[in-house]
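Engineer: Mind looking over this structure? Questions follow.
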Amino acid sequence: MRRWVLITRARHEAQALAEALEARREELVGYPVLHEVPADDDGGWHTVRRCLPRLAALFLTSPRAPRHFREISEQRALWPELGSLPADAVGAATAAACREIGLKVRIVGAAGAVSLAGEVVRGLRPGEVVLHPTGRHHREEANAVFAAAGATVLPLVVYDMEECEPHLLPELPETPPAAVLLTSPRAAAAYLRGAPPRVRAAPHFALGATTAEAAARLGLESRILPHPDPLLLVEELCQT
């Protein structure tokens, strides 16, 4: 088999990376250690209804969130009202997922959630609330930016990621990969519980410092990509 790269999510969720590797005659192999399920945050949705007049924008940090957000909004008769809010998205993939469900994207943050939160805060007026549709295990750094500025951000859980049983994961090639891309702290932990030794011996890269720190606590060293963009892995492979 030709050179291959493992990513700890489904291959179709990293199509741009797959195409970039294909141009180098390398193959991207998905290893989806976590699978997505909807989650309905009943208490959060009651708070959303109370805060409707004060909602100023949507803050989206994952391409998984928009679809679930719209589906549950419709079930609760809050769409298209919530869909009329401007959406600020972390990364091109999240922005594309927002547009697919009919949201108007205002800002696309290319430097991560913390940087985007700083941009959003500067445009808020006193009393306005930012709604953050997210996963159950979301990171808190961006919300801390809002809090430090005295702004109100309302996290709303719309999906969850459950660990896949190791025996249900796909078979991997017998040859070791050229690299492994760890996509989140929970994915790193699940990957280490299921990946065979020949794969764990490959160079590892982390999609952010938090993921790298989580892997390090489990005894796996990884290099941090400078921005949360999987395509940067191609540049790293060109240099190694």
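Just so we're on the same page: first chain in the structure tokens is A, next is B, and so on; residues restart at 1 for each chain, and ligands are numbered from 1 in the order they show up.
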List as a ChimeraX atom specification the protein and nucleic acid residues near Cys98 in chain A, meaning an atom at most 9 Å away when only C-alpha atoms are counted, but skip any in the same chain fewer than 2 places from it.
Structural biologist: /A:60,63,65-67,87,89,93-96,100-105
Engineer: Got a sec: who's within 9 Å of Arg200 in chain A, counting only C-alpha atoms, leaving out chain neighbours fewer than 6 positions off, as a VMD selection string?
Structural biologist: chain A and resid 176 180 192 220
Engineer: Excluding range 32-48 of chain A and residues on its chain fewer than 5 positions from it, collect all residues at most 8 Å away from it, counting only C-alpha atoms, and give them as a list in words.
Structural biologist: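 That gives Ile7, Thr8, Arg9, Ala10, His68, Ile72, Leu131, Arg136, Leu154, Pro155, Leu156, Val157, Val158, Tyr159, Asp160, Met161, Glu162, Glu163, Cys164, Glu165, Pro166, Leu169, Ala187, Ala190 and Tyr191 of chain A.
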Engineer: Kindly save the residues from that selection, with N, CA, C and O atoms included, as a compact mmCIF listing (two decimals), in the first residue's frame.
Structural biologist:
# COMPACT_ATOMS: atom_id res chain seq x y z
N ILE A 7 -6.36 9.72 10.53
CA ILE A 7 -7.02 10.82 11.25
C ILE A 7 -8.07 10.21 12.18
O ILE A 7 -8.77 9.26 11.80
N THR A 8 -8.18 10.76 13.38
CA THR A 8 -9.08 10.16 14.38
C THR A 8 -10.52 10.66 14.23
O THR A 8 -11.17 11.05 15.20
N ARG A 9 -11.00 10.65 13.01
CA ARG A 9 -12.40 10.93 12.71
C ARG A 9 -12.71 10.29 11.37
O ARG A 9 -11.82 9.74 10.72
N ALA A 10 -13.95 10.32 10.96
CA ALA A 10 -14.32 9.72 9.69
C ALA A 10 -13.64 10.46 8.53
O ALA A 10 -13.48 11.68 8.56
N HIS A 68 -27.64 19.89 13.95
CA HIS A 68 -28.42 19.54 15.14
C HIS A 68 -29.14 20.78 15.70
O HIS A 68 -30.28 20.69 16.17
N ILE A 72 -33.25 20.81 16.17
CA ILE A 72 -33.91 20.97 17.46
C ILE A 72 -34.64 22.31 17.54
O ILE A 72 -35.71 22.41 18.14
N LEU A 131 -25.24 33.14 21.64
CA LEU A 131 -25.65 31.75 21.79
C LEU A 131 -24.61 30.83 21.15
O LEU A 131 -24.23 31.02 20.00
N ARG A 136 -21.45 18.34 23.92
CA ARG A 136 -21.49 18.21 25.38
C ARG A 136 -20.11 18.41 26.00
O ARG A 136 -19.99 18.97 27.09
N LEU A 154 -24.09 31.93 26.07
CA LEU A 154 -24.98 30.86 26.51
C LEU A 154 -24.64 29.57 25.76
O LEU A 154 -25.02 29.40 24.61
N PRO A 155 -23.87 28.65 26.38
CA PRO A 155 -23.61 27.36 25.74
C PRO A 155 -24.91 26.54 25.67
O PRO A 155 -25.67 26.48 26.63
N LEU A 156 -25.13 25.91 24.52
CA LEU A 156 -26.32 25.11 24.31
C LEU A 156 -25.90 23.78 23.69
O LEU A 156 -25.41 23.73 22.56
N VAL A 157 -26.06 22.70 24.44
CA VAL A 157 -25.62 21.38 23.97
C VAL A 157 -26.61 20.85 22.94
O VAL A 157 -27.80 20.68 23.23
N VAL A 158 -26.11 20.59 21.71
CA VAL A 158 -26.99 20.07 20.65
C VAL A 158 -26.53 18.70 20.13
O VAL A 158 -27.25 18.07 19.36
N TYR A 159 -25.33 18.26 20.54
CA TYR A 159 -24.89 16.92 20.14
C TYR A 159 -23.89 16.39 21.16
O TYR A 159 -23.35 17.14 21.99
N ASP A 160 -23.65 15.10 21.09
CA ASP A 160 -22.67 14.45 21.96
C ASP A 160 -21.82 13.53 21.11
O ASP A 160 -22.22 13.12 20.01
N MET A 161 -20.62 13.24 21.59
CA MET A 161 -19.73 12.30 20.91
C MET A 161 -19.49 11.12 21.84
O MET A 161 -18.96 11.28 22.93
N GLU A 162 -19.91 9.94 21.40
CA GLU A 162 -19.74 8.74 22.19
C GLU A 162 -18.60 7.90 21.64
O GLU A 162 -18.37 7.85 20.43
N GLU A 163 -17.88 7.24 22.53
CA GLU A 163 -16.73 6.44 22.11
C GLU A 163 -17.19 5.17 21.41
O GLU A 163 -18.11 4.49 21.86
N CYS A 164 -16.53 4.89 20.28
CA CYS A 164 -16.84 3.68 19.53
C CYS A 164 -16.11 2.48 20.15
O CYS A 164 -14.95 2.60 20.57
N GLU A 165 -16.78 1.36 20.23
CA GLU A 165 -16.13 0.16 20.74
C GLU A 165 -14.96 -0.22 19.83
O GLU A 165 -15.09 -0.19 18.60
N PRO A 166 -13.79 -0.56 20.41
CA PRO A 166 -12.61 -0.87 19.59
C PRO A 166 -12.85 -1.91 18.51
O PRO A 166 -12.33 -1.79 17.39
N LEU A 169 -14.15 -0.53 15.17
CA LEU A 169 -13.33 0.38 14.38
C LEU A 169 -12.83 -0.34 13.13
O LEU A 169 -12.67 -1.56 13.12
N ALA A 187 -10.75 12.23 21.53
CA ALA A 187 -10.38 11.34 20.43
C ALA A 187 -8.99 10.75 20.67
O ALA A 187 -8.75 9.58 20.36
N ALA A 190 -9.39 7.90 23.20
CA ALA A 190 -10.05 6.74 22.60
C ALA A 190 -9.14 6.05 21.59
O ALA A 190 -9.10 4.82 21.51
N TYR A 191 -8.39 6.83 20.85
CA TYR A 191 -7.44 6.28 19.87
C TYR A 191 -6.41 5.41 20.57
O TYR A 191 -6.10 4.30 20.12
Engineer: Within 10 Å of range 19-28 of chain A, which residues of range 143-239 of chain A come that close, and what is the closest atom pair and distance in Å for each? Count only C-alpha atoms and give it as CSV.
Structural biologist:
residue,atom,partner,partner_atom,distance
A:Pro177,CA,A:Leu28,CA,9.6
A:Ala178,CA,A:Glu26,CA,9.1
A:Ala179,CA,A:Leu28,CA,9.9
A:Val180,CA,A:Leu28,CA,9.8
A:Leu231,CA,A:Ala20,CA,7.5
A:Leu233,CA,A:Leu21,CA,9.4
A:Val234,CA,A:Leu21,CA,6.9
A:Leu237,CA,A:Leu21,CA,9.7
A:Cys238,CA,A:Arg24,CA,9.5
Engineer: Create the file for the chosen residues now, containing C-alpha atoms and written as a PDB file, in the first residue's frame.
Structural biologist:
ATOM      1  CA  PRO A 177       1.263   5.289   8.751  1.00  0.00           C
ATOM      2  CA  ALA A 178       3.356   8.267   7.733  1.00  0.00           C
ATOM      3  CA  ALA A 179       1.587  10.269  10.436  1.00  0.00           C
ATOM      4  CA  VAL A 180      -1.391  10.297  12.804  1.00  0.00           C
ATOM      5  CA  LEU A 231      -4.570  20.979   5.993  1.00  0.00           C
ATOM      6  CA  LEU A 233      -0.575  18.584   8.295  1.00  0.00           C
ATOM      7  CA  VAL A 234       0.314  18.473   4.596  1.00  0.00           C
ATOM      8  CA  LEU A 237       4.680  16.276   6.054  1.00  0.00           C
ATOM      9  CA  CYS A 238       6.436  18.188   3.297  1.00  0.00           C
TER      10      CYS A 238
END
Engineer: I'd like the contact shell of range 137-146 of chain A - 8 Å cut-off, only C-alpha atoms, skipping same-chain residues fewer than 3 positions apart - returned as a list in words.
Structural biologist: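 The neighbour list is Ala113, Val114, Ser115, Ala117, Gly118, Val121, Thr134, Ala149, Gly150, Ala151, Thr152, Val153, Asp160 and Met161 of chain A.
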Engineer: DSSP on the backbone, alpha helix (DSSP H) only: what residues of range 68-199 of chain A does that give? Format it as a PyMOL selection string.
Structural biologist: chain A and resi 68-75+91-100+113-122+141-148+185-194+197-199
Engineer: Restricting the output to N, CA and C atoms, write the selected residues as a compact mmCIF listing (two decimals), in the first residue's frame.
Structural biologist:
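Writing the result to selection_23.txt gives the following:
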# COMPACT_ATOMS: atom_id res chain seq x y z
N HIS A 68 -27.64 19.89 13.95
CA HIS A 68 -28.42 19.54 15.14
C HIS A 68 -29.14 20.78 15.70
N PHE A 69 -28.45 21.91 15.64
CA PHE A 69 -29.05 23.15 16.13
C PHE A 69 -30.33 23.48 15.37
N ARG A 70 -30.28 23.38 14.06
CA ARG A 70 -31.49 23.69 13.29
C ARG A 70 -32.60 22.68 13.55
N GLU A 71 -32.24 21.39 13.57
CA GLU A 71 -33.26 20.36 13.77
C GLU A 71 -34.01 20.55 15.09
N ILE A 72 -33.25 20.81 16.17
CA ILE A 72 -33.91 20.97 17.46
C ILE A 72 -34.64 22.31 17.54
N SER A 73 -34.09 23.34 16.90
CA SER A 73 -34.78 24.64 16.85
C SER A 73 -36.14 24.49 16.19
N GLU A 74 -36.19 23.72 15.11
CA GLU A 74 -37.46 23.50 14.42
C GLU A 74 -38.44 22.72 15.30
N GLN A 75 -37.93 21.70 16.00
CA GLN A 75 -38.78 20.91 16.88
C GLN A 75 -39.38 21.77 17.98
N GLY A 91 -13.38 28.51 11.59
CA GLY A 91 -12.88 27.70 10.49
C GLY A 91 -13.83 27.59 9.32
N ALA A 92 -13.26 27.26 8.16
CA ALA A 92 -14.04 27.18 6.93
C ALA A 92 -15.06 26.05 6.96
N ALA A 93 -14.72 24.92 7.58
CA ALA A 93 -15.65 23.79 7.61
C ALA A 93 -16.90 24.12 8.42
N THR A 94 -16.71 24.78 9.56
CA THR A 94 -17.87 25.18 10.37
C THR A 94 -18.70 26.22 9.64
N ALA A 95 -18.04 27.17 8.98
CA ALA A 95 -18.76 28.18 8.21
C ALA A 95 -19.59 27.53 7.11
N ALA A 96 -19.01 26.54 6.42
CA ALA A 96 -19.74 25.86 5.35
C ALA A 96 -20.96 25.11 5.92
N ALA A 97 -20.79 24.47 7.08
CA ALA A 97 -21.91 23.76 7.71
C ALA A 97 -23.01 24.74 8.11
N CYS A 98 -22.64 25.94 8.52
CA CYS A 98 -23.64 26.96 8.86
C CYS A 98 -24.43 27.37 7.62
N ARG A 99 -23.73 27.60 6.53
CA ARG A 99 -24.41 28.03 5.31
C ARG A 99 -25.33 26.94 4.78
N GLU A 100 -24.94 25.69 4.95
CA GLU A 100 -25.75 24.57 4.47
C GLU A 100 -27.13 24.53 5.11
N ALA A 113 -10.96 29.44 18.22
CA ALA A 113 -12.14 29.94 18.93
C ALA A 113 -11.82 31.13 19.82
N VAL A 114 -10.66 31.11 20.48
CA VAL A 114 -10.31 32.21 21.39
C VAL A 114 -10.16 33.52 20.62
N SER A 115 -9.47 33.46 19.50
CA SER A 115 -9.30 34.66 18.68
C SER A 115 -10.63 35.17 18.16
N LEU A 116 -11.48 34.26 17.69
CA LEU A 116 -12.79 34.68 17.19
C LEU A 116 -13.64 35.29 18.30
N ALA A 117 -13.61 34.72 19.48
CA ALA A 117 -14.36 35.27 20.61
C ALA A 117 -13.95 36.71 20.87
N GLY A 118 -12.65 36.99 20.77
CA GLY A 118 -12.18 38.36 20.96
C GLY A 118 -12.76 39.31 19.93
N GLU A 119 -12.89 38.85 18.69
CA GLU A 119 -13.51 39.69 17.65
C GLU A 119 -14.98 39.93 17.95
N VAL A 120 -15.69 38.89 18.33
CA VAL A 120 -17.13 39.01 18.57
C VAL A 120 -17.41 39.94 19.74
N VAL A 121 -16.63 39.81 20.80
CA VAL A 121 -16.83 40.64 22.00
C VAL A 121 -16.77 42.12 21.66
N ARG A 122 -15.87 42.49 20.79
CA ARG A 122 -15.70 43.91 20.47
C ARG A 122 -16.94 44.51 19.81
N GLU A 141 -12.21 27.69 26.76
CA GLU A 141 -11.33 28.86 26.61
C GLU A 141 -12.04 30.05 25.98
N ALA A 142 -12.82 29.81 24.92
CA ALA A 142 -13.49 30.91 24.25
C ALA A 142 -14.55 31.54 25.14
N ASN A 143 -15.29 30.72 25.87
CA ASN A 143 -16.30 31.26 26.78
C ASN A 143 -15.66 32.12 27.86
N ALA A 144 -14.43 31.78 28.24
CA ALA A 144 -13.72 32.58 29.23
C ALA A 144 -13.41 33.97 28.68
N VAL A 145 -13.21 34.08 27.37
CA VAL A 145 -12.96 35.40 26.76
C VAL A 145 -14.20 36.28 26.90
N PHE A 146 -15.36 35.70 26.64
CA PHE A 146 -16.60 36.46 26.81
C PHE A 146 -16.77 36.89 28.26
N ALA A 147 -16.55 35.97 29.19
CA ALA A 147 -16.73 36.28 30.61
C ALA A 147 -15.78 37.39 31.06
N ALA A 148 -14.52 37.32 30.60
CA ALA A 148 -13.54 38.33 30.99
C ALA A 148 -13.92 39.72 30.50
N PRO A 185 -9.01 16.08 22.46
CA PRO A 185 -8.53 15.35 23.64
C PRO A 185 -9.24 14.01 23.83
N ARG A 186 -10.56 13.97 23.68
CA ARG A 186 -11.28 12.71 23.85
C ARG A 186 -10.94 11.72 22.74
N ALA A 187 -10.75 12.23 21.53
CA ALA A 187 -10.38 11.34 20.43
C ALA A 187 -8.99 10.75 20.67
N ALA A 188 -8.09 11.55 21.23
CA ALA A 188 -6.74 11.05 21.51
C ALA A 188 -6.80 9.90 22.51
N ALA A 189 -7.61 10.06 23.55
CA ALA A 189 -7.72 9.01 24.57
C ALA A 189 -8.34 7.74 23.99
N ALA A 190 -9.39 7.90 23.20
CA ALA A 190 -10.05 6.74 22.60
C ALA A 190 -9.14 6.05 21.59
N TYR A 191 -8.39 6.83 20.85
CA TYR A 191 -7.44 6.28 19.87
C TYR A 191 -6.41 5.41 20.57
N LEU A 192 -5.88 5.89 21.68
CA LEU A 192 -4.85 5.13 22.39
C LEU A 192 -5.38 3.82 22.95
N ARG A 193 -6.67 3.77 23.22
CA ARG A 193 -7.25 2.52 23.73
C ARG A 193 -7.45 1.48 22.63
N GLY A 194 -7.49 1.93 21.36
CA GLY A 194 -7.81 0.98 20.30
C GLY A 194 -6.75 0.78 19.24
N PRO A 197 -0.06 -1.25 18.14
CA PRO A 197 1.28 -0.68 18.41
C PRO A 197 1.97 -0.14 17.17
N ARG A 198 1.83 -0.79 16.01
CA ARG A 198 2.53 -0.32 14.81
C ARG A 198 2.07 1.08 14.41
N VAL A 199 0.83 1.41 14.74
CA VAL A 199 0.30 2.74 14.42
C VAL A 199 0.76 3.76 15.46
Engineer: Smallest atom-to-atom distance to Leu182 in chain A: which of A:Leu207, A:Leu78, A:Ala201, A:Val129, using only C-alpha atoms?
Structural biologist: A:Leu207
Engineer: Between CA of Leu55 in chain A and CA of Ser84 in chain A, what distance in Å does the model show, to one decimal?
Structural biologist: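 According to the coordinates, CA of Leu55 in chain A and CA of Ser84 in chain A are separated by 10.6 Å.
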Engineer: One decimal, in Å: what's the spacing between CA of Glu174 in chain A and CA of Ala214 in chain A?
Structural biologist: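 Between CA of Glu174 in chain A and CA of Ala214 in chain A the gap works out to 27.0 Å.
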Engineer: For Gly127 in chain A, which of A:Leu58, A:Val108, A:Leu85, A:Leu52 is the closest residue, counting only C-alpha atoms?
Structural biologist: A:Leu52
Engineer: Just list as number ranges by chain whatever in range 16-227 of chain A DSSP marks as strand (DSSP E).
Structural biologist: A: 27-30, 34-38, 55-60, 87-90, 105-109, 129-135, 152-163, 179-182, 204-206, 223-224
Engineer: Do you have the CA of Ala212 in chain A-CA of Gly30 in chain A distance handy?
Structural biologist: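 Straight-line distance from CA of Ala212 in chain A to CA of Gly30 in chain A works out to 19.2 Å.
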Engineer: At a cut-off of 9 Å, using only C-alpha atoms, what residues contact range 224-226 of chain A? Leave out same-chain residues fewer than 3 positions from it and give the result as a ChimeraX atom specification.
Structural biologist: /A:204-209,211-212,229-230,232-233,236
